[in-house]
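*Asks:* Provided herewith: work08.txt, compact mmCIF, C-alpha atoms.
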```
# COMPACT_ATOMS: atom_id res chain seq x y z
CA MET A 1 4.32 31.58 7.39
CA ASN A 2 6.66 28.57 7.41
CA THR A 3 9.33 29.42 4.84
CA GLN A 4 9.75 25.78 3.78
CA PHE A 5 6.12 25.34 2.72
CA GLY A 6 5.02 28.92 2.03
CA GLU A 7 1.29 29.51 1.80
CA THR A 8 0.57 25.77 2.01
CA TRP A 9 1.56 25.97 5.68
CA ASP A 10 -0.98 28.75 6.24
CA PHE A 11 -3.75 26.49 4.90
CA LEU A 12 -3.13 24.13 7.82
CA PHE A 13 -4.82 26.71 10.04
CA HIS A 14 -7.67 27.93 7.83
CA PRO A 15 -10.12 27.13 6.33
CA PRO A 16 -11.71 24.08 8.02
CA VAL A 17 -11.31 20.77 6.19
CA ALA A 18 -14.30 18.78 4.90
CA HIS A 19 -13.98 15.09 5.82
CA ARG A 20 -14.08 13.04 2.58
CA GLY A 21 -15.35 16.17 0.88
CA LEU A 22 -18.57 18.06 1.56
CA TRP A 23 -20.91 15.10 1.26
CA THR A 24 -24.48 14.46 2.45
CA PRO A 25 -26.53 11.27 2.84
CA ASP A 26 -28.97 12.41 0.17
CA GLY A 27 -26.50 14.20 -2.09
CA ALA A 28 -22.98 13.72 -3.35
CA PRO A 29 -21.45 10.69 -1.56
CA GLU A 30 -18.22 10.70 0.44
CA ASN A 31 -14.94 10.75 -1.49
CA SER A 32 -16.71 11.68 -4.73
CA LEU A 33 -15.92 14.37 -7.25
CA GLY A 34 -19.28 15.94 -6.43
CA ALA A 35 -18.35 16.17 -2.73
CA PHE A 36 -14.99 17.71 -3.61
CA GLN A 37 -16.60 20.24 -5.92
CA ALA A 38 -19.05 21.17 -3.16
CA ALA A 39 -16.21 21.70 -0.70
CA CYS A 40 -14.41 23.94 -3.19
CA ARG A 41 -17.55 26.03 -3.76
CA ALA A 42 -18.02 26.43 -0.01
CA GLY A 43 -14.41 27.49 0.52
CA TYR A 44 -13.29 24.50 2.60
CA GLY A 45 -10.20 22.35 2.51
CA ILE A 46 -10.62 18.69 1.58
CA GLU A 47 -9.60 15.44 3.27
CA LEU A 48 -9.71 12.31 1.13
CA ASP A 49 -8.55 8.69 1.32
CA VAL A 50 -6.22 6.99 -1.15
CA GLN A 51 -5.36 3.35 -1.76
CA LEU A 52 -3.92 1.36 -4.65
CA SER A 53 -5.83 -0.58 -7.28
CA ALA A 54 -4.55 -3.96 -8.43
CA ASP A 55 -2.63 -2.28 -11.24
CA GLY A 56 -1.07 0.39 -9.05
CA GLU A 57 -3.33 3.41 -9.54
CA ALA A 58 -4.06 5.75 -6.62
CA MET A 59 -7.84 5.56 -6.11
CA ILE A 60 -9.97 7.74 -3.82
CA PHE A 61 -11.79 5.34 -1.49
CA HIS A 62 -11.92 4.78 2.26
CA ASP A 63 -12.94 1.18 2.95
CA GLU A 64 -10.93 -1.92 2.10
CA ASP A 65 -14.16 -3.56 0.95
CA LEU A 66 -16.24 -2.16 -1.88
CA GLU A 67 -19.68 -3.21 -0.65
CA ARG A 68 -20.71 -0.32 1.64
CA MET A 69 -20.11 2.33 -0.99
CA THR A 70 -20.73 0.47 -4.26
CA GLY A 71 -22.69 -2.71 -3.49
CA ALA A 72 -19.95 -4.76 -5.17
CA LYS A 73 -18.22 -7.64 -3.43
CA GLY A 74 -14.51 -7.86 -2.71
CA LYS A 75 -11.67 -5.49 -1.96
CA LEU A 76 -10.64 -2.46 -3.95
CA ARG A 77 -7.02 -3.61 -4.13
CA ASP A 78 -8.08 -6.74 -6.06
CA ARG A 79 -9.54 -4.78 -9.01
CA THR A 80 -7.89 -2.73 -11.72
CA ALA A 81 -8.49 0.97 -12.10
CA ALA A 82 -10.51 0.31 -15.25
CA ASP A 83 -12.74 -2.16 -13.40
CA LEU A 84 -13.22 0.28 -10.52
CA ALA A 85 -14.14 3.07 -12.93
CA GLU A 86 -17.23 1.08 -13.92
CA LEU A 87 -18.60 1.07 -10.37
CA ARG A 88 -20.79 3.83 -8.95
CA LEU A 89 -20.95 5.29 -5.45
CA LYS A 90 -24.13 4.92 -3.38
CA ASP A 91 -26.61 4.61 -6.26
CA THR A 92 -25.44 7.84 -7.88
CA ASP A 93 -23.67 8.54 -11.16
CA GLU A 94 -20.45 9.24 -9.24
CA PRO A 95 -17.51 6.93 -10.10
CA ILE A 96 -14.61 6.03 -7.83
CA PRO A 97 -12.17 8.82 -8.77
CA THR A 98 -8.43 8.59 -9.17
CA LEU A 99 -6.17 10.92 -7.23
CA MET A 100 -4.85 12.32 -10.50
CA ASP A 101 -8.29 13.23 -11.81
CA THR A 102 -9.34 14.63 -8.44
CA LEU A 103 -6.39 16.98 -8.08
CA ALA A 104 -6.80 18.14 -11.67
CA ILE A 105 -10.39 19.16 -10.90
CA ILE A 106 -9.60 20.78 -7.53
CA GLY A 107 -6.58 22.69 -8.79
CA HIS A 108 -5.73 25.67 -6.59
CA ARG A 109 -9.21 25.95 -5.09
CA ALA A 110 -8.63 23.93 -1.91
CA MET A 111 -5.93 22.56 0.36
CA VAL A 112 -6.04 18.76 0.02
CA HIS A 113 -5.19 16.38 2.87
CA VAL A 114 -4.34 13.08 1.16
CA GLU A 115 -4.76 10.25 3.66
CA LEU A 116 -2.68 7.25 2.65
CA LYS A 117 -4.34 3.96 3.56
CA THR A 118 -1.01 2.13 3.65
CA PRO A 119 -1.15 -1.35 5.19
CA PHE A 120 1.48 -2.05 7.83
CA GLY A 121 4.31 -3.99 6.23
CA ASP A 122 3.61 -2.68 2.72
CA VAL A 123 5.13 0.78 2.67
CA GLY A 124 6.40 2.13 -0.63
CA PRO A 125 4.11 1.36 -3.60
CA LEU A 126 1.26 3.67 -2.57
CA GLU A 127 3.64 6.37 -1.39
CA GLN A 128 5.55 6.35 -4.67
CA ARG A 129 2.40 6.53 -6.80
CA VAL A 130 1.00 9.36 -4.69
CA HIS A 131 4.25 11.27 -4.97
CA ASP A 132 4.29 10.75 -8.74
CA VAL A 133 0.86 12.39 -8.87
CA LEU A 134 1.68 15.18 -6.43
CA ILE A 135 4.71 16.43 -8.33
CA ASP A 136 2.40 17.55 -11.14
CA HIS A 137 -0.04 19.30 -8.78
CA ALA A 138 0.54 23.01 -8.18
CA GLY A 139 -2.17 23.51 -5.52
CA PRO A 140 -1.69 23.27 -1.74
CA VAL A 141 -1.49 19.66 -0.53
CA CYS A 142 -0.24 17.51 2.32
CA VAL A 143 -0.14 13.79 3.06
CA ILE A 144 -1.57 12.32 6.24
CA GLY A 145 -2.03 8.78 7.53
CA PHE A 146 -1.73 6.46 10.50
CA ASN A 147 1.28 4.42 9.42
CA PRO A 148 4.42 6.11 10.83
CA TYR A 149 6.64 4.17 8.43
CA SER A 150 4.75 5.73 5.52
CA HIS A 151 5.67 9.15 6.86
CA ALA A 152 9.27 8.05 7.39
CA TRP A 153 9.35 6.93 3.73
CA PHE A 154 8.45 10.46 2.65
CA ALA A 155 10.77 12.07 5.20
CA ASP A 156 13.72 10.09 3.85
CA ARG A 157 13.00 10.49 0.13
CA PHE A 158 10.86 13.58 -0.35
CA PRO A 159 11.19 15.79 2.76
CA GLY A 160 9.61 18.69 0.91
CA VAL A 161 6.18 17.03 1.10
CA LEU A 162 4.15 18.40 4.01
CA ARG A 163 3.19 15.53 6.34
CA GLY A 164 0.69 15.09 9.18
CA LEU A 165 0.64 11.97 11.37
CA ASP A 166 -2.85 10.67 12.11
CA SER A 167 -3.27 9.21 15.58
CA TYR A 168 -5.88 8.34 18.21
CA ASN A 169 -5.98 6.68 21.64
CA TYR A 170 -5.35 3.16 20.24
CA LYS A 171 -7.54 1.55 22.90
CA ARG A 172 -8.53 -0.91 20.19
CA ALA A 173 -5.96 -1.81 17.56
CA PRO A 174 -6.13 -5.52 16.64
CA HIS A 175 -3.70 -4.96 13.77
CA LEU A 176 -0.92 -4.04 16.22
CA ALA A 177 1.04 -6.04 18.74
CA GLU A 178 0.24 -5.00 22.32
CA GLU A 179 3.59 -3.31 22.92
CA GLN A 180 3.28 -1.35 19.69
CA ARG A 181 -0.33 -0.39 20.48
CA GLN A 182 0.72 1.06 23.82
CA ALA A 183 3.65 2.93 22.28
CA PHE A 184 1.39 4.50 19.63
CA ALA A 185 -1.12 5.48 22.33
CA ARG A 186 1.73 7.38 24.01
CA LEU A 187 2.56 9.07 20.68
CA GLU A 188 6.00 7.47 20.68
CA HIS A 189 5.63 6.81 16.94
CA VAL A 190 5.96 10.54 16.29
CA ALA A 191 9.73 9.99 16.50
CA ILE A 192 9.48 7.40 13.71
CA ALA A 193 7.19 9.45 11.48
CA ARG A 194 8.91 12.84 11.88
CA PRO A 195 5.76 14.73 10.84
CA HIS A 196 5.30 18.45 10.46
CA PHE A 197 1.93 18.38 12.25
CA LEU A 198 -0.40 16.00 14.06
CA ALA A 199 -3.89 15.01 12.93
CA LEU A 200 -5.49 13.74 16.13
CA SER A 201 -8.87 12.26 17.03
CA VAL A 202 -11.06 14.53 19.11
CA ASP A 203 -10.44 12.39 22.21
CA MET A 204 -6.66 12.83 21.89
CA VAL A 205 -6.17 16.55 21.38
CA ALA A 206 -6.13 17.35 25.11
CA ASP A 207 -3.75 14.49 25.95
CA PRO A 208 -0.73 15.99 27.79
CA ARG A 209 1.65 14.48 25.23
CA ALA A 210 -0.24 16.07 22.37
CA VAL A 211 -0.32 19.38 24.22
CA ALA A 212 3.44 19.15 24.74
CA TYR A 213 4.07 18.65 21.02
CA ARG A 214 1.84 21.60 20.20
CA ASP A 215 3.59 23.78 22.77
CA LYS A 216 6.87 22.98 20.99
CA GLY A 217 5.46 24.26 17.70
CA MET A 218 3.83 21.21 16.09
CA PRO A 219 0.29 22.17 14.96
CA VAL A 220 -2.67 19.91 15.77
CA VAL A 221 -5.61 19.31 13.43
CA ALA A 222 -8.59 17.56 15.07
CA TRP A 223 -10.75 14.87 13.47
CA THR A 224 -13.55 14.11 13.00
CA VAL A 225 -15.57 16.97 14.49
CA ARG A 226 -19.29 16.35 14.03
CA ASP A 227 -21.03 19.29 15.70
CA PRO A 228 -20.27 22.92 16.66
CA ALA A 229 -20.44 22.26 20.41
CA GLN A 230 -17.75 19.58 20.14
CA TRP A 231 -15.54 22.00 18.25
CA GLN A 232 -15.95 24.72 20.86
CA GLU A 233 -14.96 22.24 23.57
CA ILE A 234 -11.72 21.12 21.93
CA LYS A 235 -10.81 24.31 20.07
CA PRO A 236 -8.29 25.54 22.68
CA HIS A 237 -6.16 22.47 21.95
CA CYS A 238 -6.29 22.62 18.13
CA ASP A 239 -5.19 24.69 15.18
CA ASN A 240 -7.86 23.49 12.73
CA LEU A 241 -10.52 20.84 12.30
CA ILE A 242 -11.57 18.11 9.90
CA PHE A 243 -15.36 18.09 10.09
CA GLU A 244 -18.51 16.50 8.70
CA GLY A 245 -22.26 16.87 9.17
CA PHE A 246 -22.42 20.60 9.84
CA ALA A 247 -21.25 23.94 8.43
CA ALA A 248 -17.93 24.68 10.11
```
The structure in this file should be written as structure tokens.
*Replies:*
Amino acid sequence: MNTQFGETWDFLFHPPVAHRGLWTPDGAPENSLGAFQAACRAGYGIELDVQLSADGEAMIFHDEDLERMTGAKGKLRDRTAADLAELRLKDTDEPIPTLMDTLAIIGHRAMVHVELKTPFGDVGPLEQRVHDVLIDHAGPVCVIGFNPYSHAWFADRFPGVLRGLDSYNYKRAPHLAEEQRQAFARLEHVAIARPHFLALSVDMVADPRAVAYRDKGMPVVAWTVRDPAQWQEIKPHCDNLIFEGFAA
């Protein structure tokens, strides 16, 4: 057990983590309260995505655009939390939940990986709101995300928050300058982020640089694992998995 984080650290290694909750195409949709409840009942951890509404509320939603999940036009960040609460996910009765309501329902039943969808160049508002919610949550939780400056924000202000840097091979990253893309592909942004663990795409976990970090004591959580055979192949390089589409 890591003495800084207590039992929360142990939850990094077990149980497996349900990607956007335990959702199915014909059941509870991704990032819904129903999917989170299902993950809790099955004994899994939960990964979910958070971004800000127009009025600064932390909402659980993956895409920038609303259309795929709600049929509505426009971006989530352009609507207030009250407006977003009127929408429904994938023709169900499930609303877009807030982070506050979600954590209240989950409680102690699951470790929650809160992925911050922080745009590059806009670090601070989402991080602050998420922290304001987390300080009232007594269950195990960590923050993850791709923006290393988001992690640095937490490291500088609230180092007691457990942090995992998301990364992948960055072969395609139109939002980054070429030099920055190559640096991130080499995991050089780990020095900026100062994470406690790495959350790596399945095609990155065996990268020699990732292996070197793990050998030095930085755990690796793999995403997104979509079948048991894939997990067996990469398992020697990982400490846990974020999965979807099968029973892990």
*Asks:* Which residues are close to region 142-149 of chain A, i.e. within 6 Å by all atoms listed in the file, leaving aside same-chain residues fewer than 4 positions away? Reply as a ChimeraX atom specification.
*Replies:* /A:113-116,162-167,192-193
*Asks:* So that each row is one residue of region 27-49 of chain A with an atom at most 8 Å from region 101-106 of chain A, can you give its shortest atom pair and the distance in Å to one decimal, using all atoms listed in the file, rows by chain and rising number, as JSON lines?
*Replies:*
```
{"residue": "A:Leu33", "atom": "CA", "partner": "A:Thr102", "partner_atom": "CA", "distance": 6.7}
{"residue": "A:Phe36", "atom": "CA", "partner": "A:Ile106", "partner_atom": "CA", "distance": 7.3}
{"residue": "A:Gln37", "atom": "CA", "partner": "A:Ile106", "partner_atom": "CA", "distance": 7.2}
{"residue": "A:Cys40", "atom": "CA", "partner": "A:Ile106", "partner_atom": "CA", "distance": 7.2}
```
*Asks:* I need every residue sitting at most 10 Å from the point (-6.4, 21.4, 12.4) (coordinates as in the file, only C-alpha atoms considered), written as an NGL selection string.
*Replies:* :A and (11-17 or 197-200 or 219-223 or 235 or 237-243)
*Asks:* What's the 8 Å shell around region 48-56 of chain A, counting only C-alpha atoms, without same-chain residues fewer than 6 positions away, as a list in words?
*Replies:*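 Counting only the stated atoms, we get His19, Arg20, Gly21, Asn31, His62, Leu76, Arg77, Asp78, Arg79, Thr80, Ala81, Leu99, Val112, His113, Val114, Glu115, Leu116, Lys117, Thr118, Pro125, Leu126 and Arg129 of chain A.
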*Asks:* Could you write out the selected residues, including C-alpha atoms, as an mmCIF file, in the coordinates of the input?
*Replies:*
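The resulting selection.cif:
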```
data_model
loop_
_atom_site.group_PDB
_atom_site.id
_atom_site.type_symbol
_atom_site.label_atom_id
_atom_site.label_comp_id
_atom_site.auth_asym_id
_atom_site.auth_seq_id
_atom_site.Cartn_x
_atom_site.Cartn_y
_atom_site.Cartn_z
ATOM 1 C CA HIS A 19 -13.980 15.090 5.820
ATOM 2 C CA ARG A 20 -14.080 13.040 2.580
ATOM 3 C CA GLY A 21 -15.350 16.170 0.880
ATOM 4 C CA ASN A 31 -14.940 10.750 -1.490
ATOM 5 C CA HIS A 62 -11.920 4.780 2.260
ATOM 6 C CA LEU A 76 -10.640 -2.460 -3.950
ATOM 7 C CA ARG A 77 -7.020 -3.610 -4.130
ATOM 8 C CA ASP A 78 -8.080 -6.740 -6.060
ATOM 9 C CA ARG A 79 -9.540 -4.780 -9.010
ATOM 10 C CA THR A 80 -7.890 -2.730 -11.720
ATOM 11 C CA ALA A 81 -8.490 0.970 -12.100
ATOM 12 C CA LEU A 99 -6.170 10.920 -7.230
ATOM 13 C CA VAL A 112 -6.040 18.760 0.020
ATOM 14 C CA HIS A 113 -5.190 16.380 2.870
ATOM 15 C CA VAL A 114 -4.340 13.080 1.160
ATOM 16 C CA GLU A 115 -4.760 10.250 3.660
ATOM 17 C CA LEU A 116 -2.680 7.250 2.650
ATOM 18 C CA LYS A 117 -4.340 3.960 3.560
ATOM 19 C CA THR A 118 -1.010 2.130 3.650
ATOM 20 C CA PRO A 125 4.110 1.360 -3.600
ATOM 21 C CA LEU A 126 1.260 3.670 -2.570
ATOM 22 C CA ARG A 129 2.400 6.530 -6.800
#
```
*Asks:* Could you check which of A:Pro25, A:Gly6, A:Pro195, A:Pro228 is closest to Tyr213 (chain A), using all atoms listed in the file?
*Replies:* A:Pro195
*Asks:* Compare A:Ala185, A:Ala58, A:Ala155, A:Leu89 by their minimum atom-to-atom distance to Met204 (chain A), counting all atoms listed in the file, and give me the closest one.
*Replies:*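 Under the stated criterion, the closest residue is A:Ala185.
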*Asks:* Write out as a ChimeraX atom specification each polymer residue whose atoms come within 8 Å of Trp153 (chain A), counting all atoms listed in the file; drop sequence neighbours fewer than 6 positions from it.
*Replies:* /A:123-124,127
*Asks:* Nearest residue to Ala248 (chain A) out of A:Asp215, A:Glu86, A:Asp227, A:Glu57, using all atoms listed in the file?
*Replies:*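 That would be A:Asp227, the residue with the smallest distance to Ala248 (chain A).
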*Asks:* Quick one, how far is CA of Arg226 (chain A) from CA of Ala173 (chain A)?
*Replies:* 22.8 Å
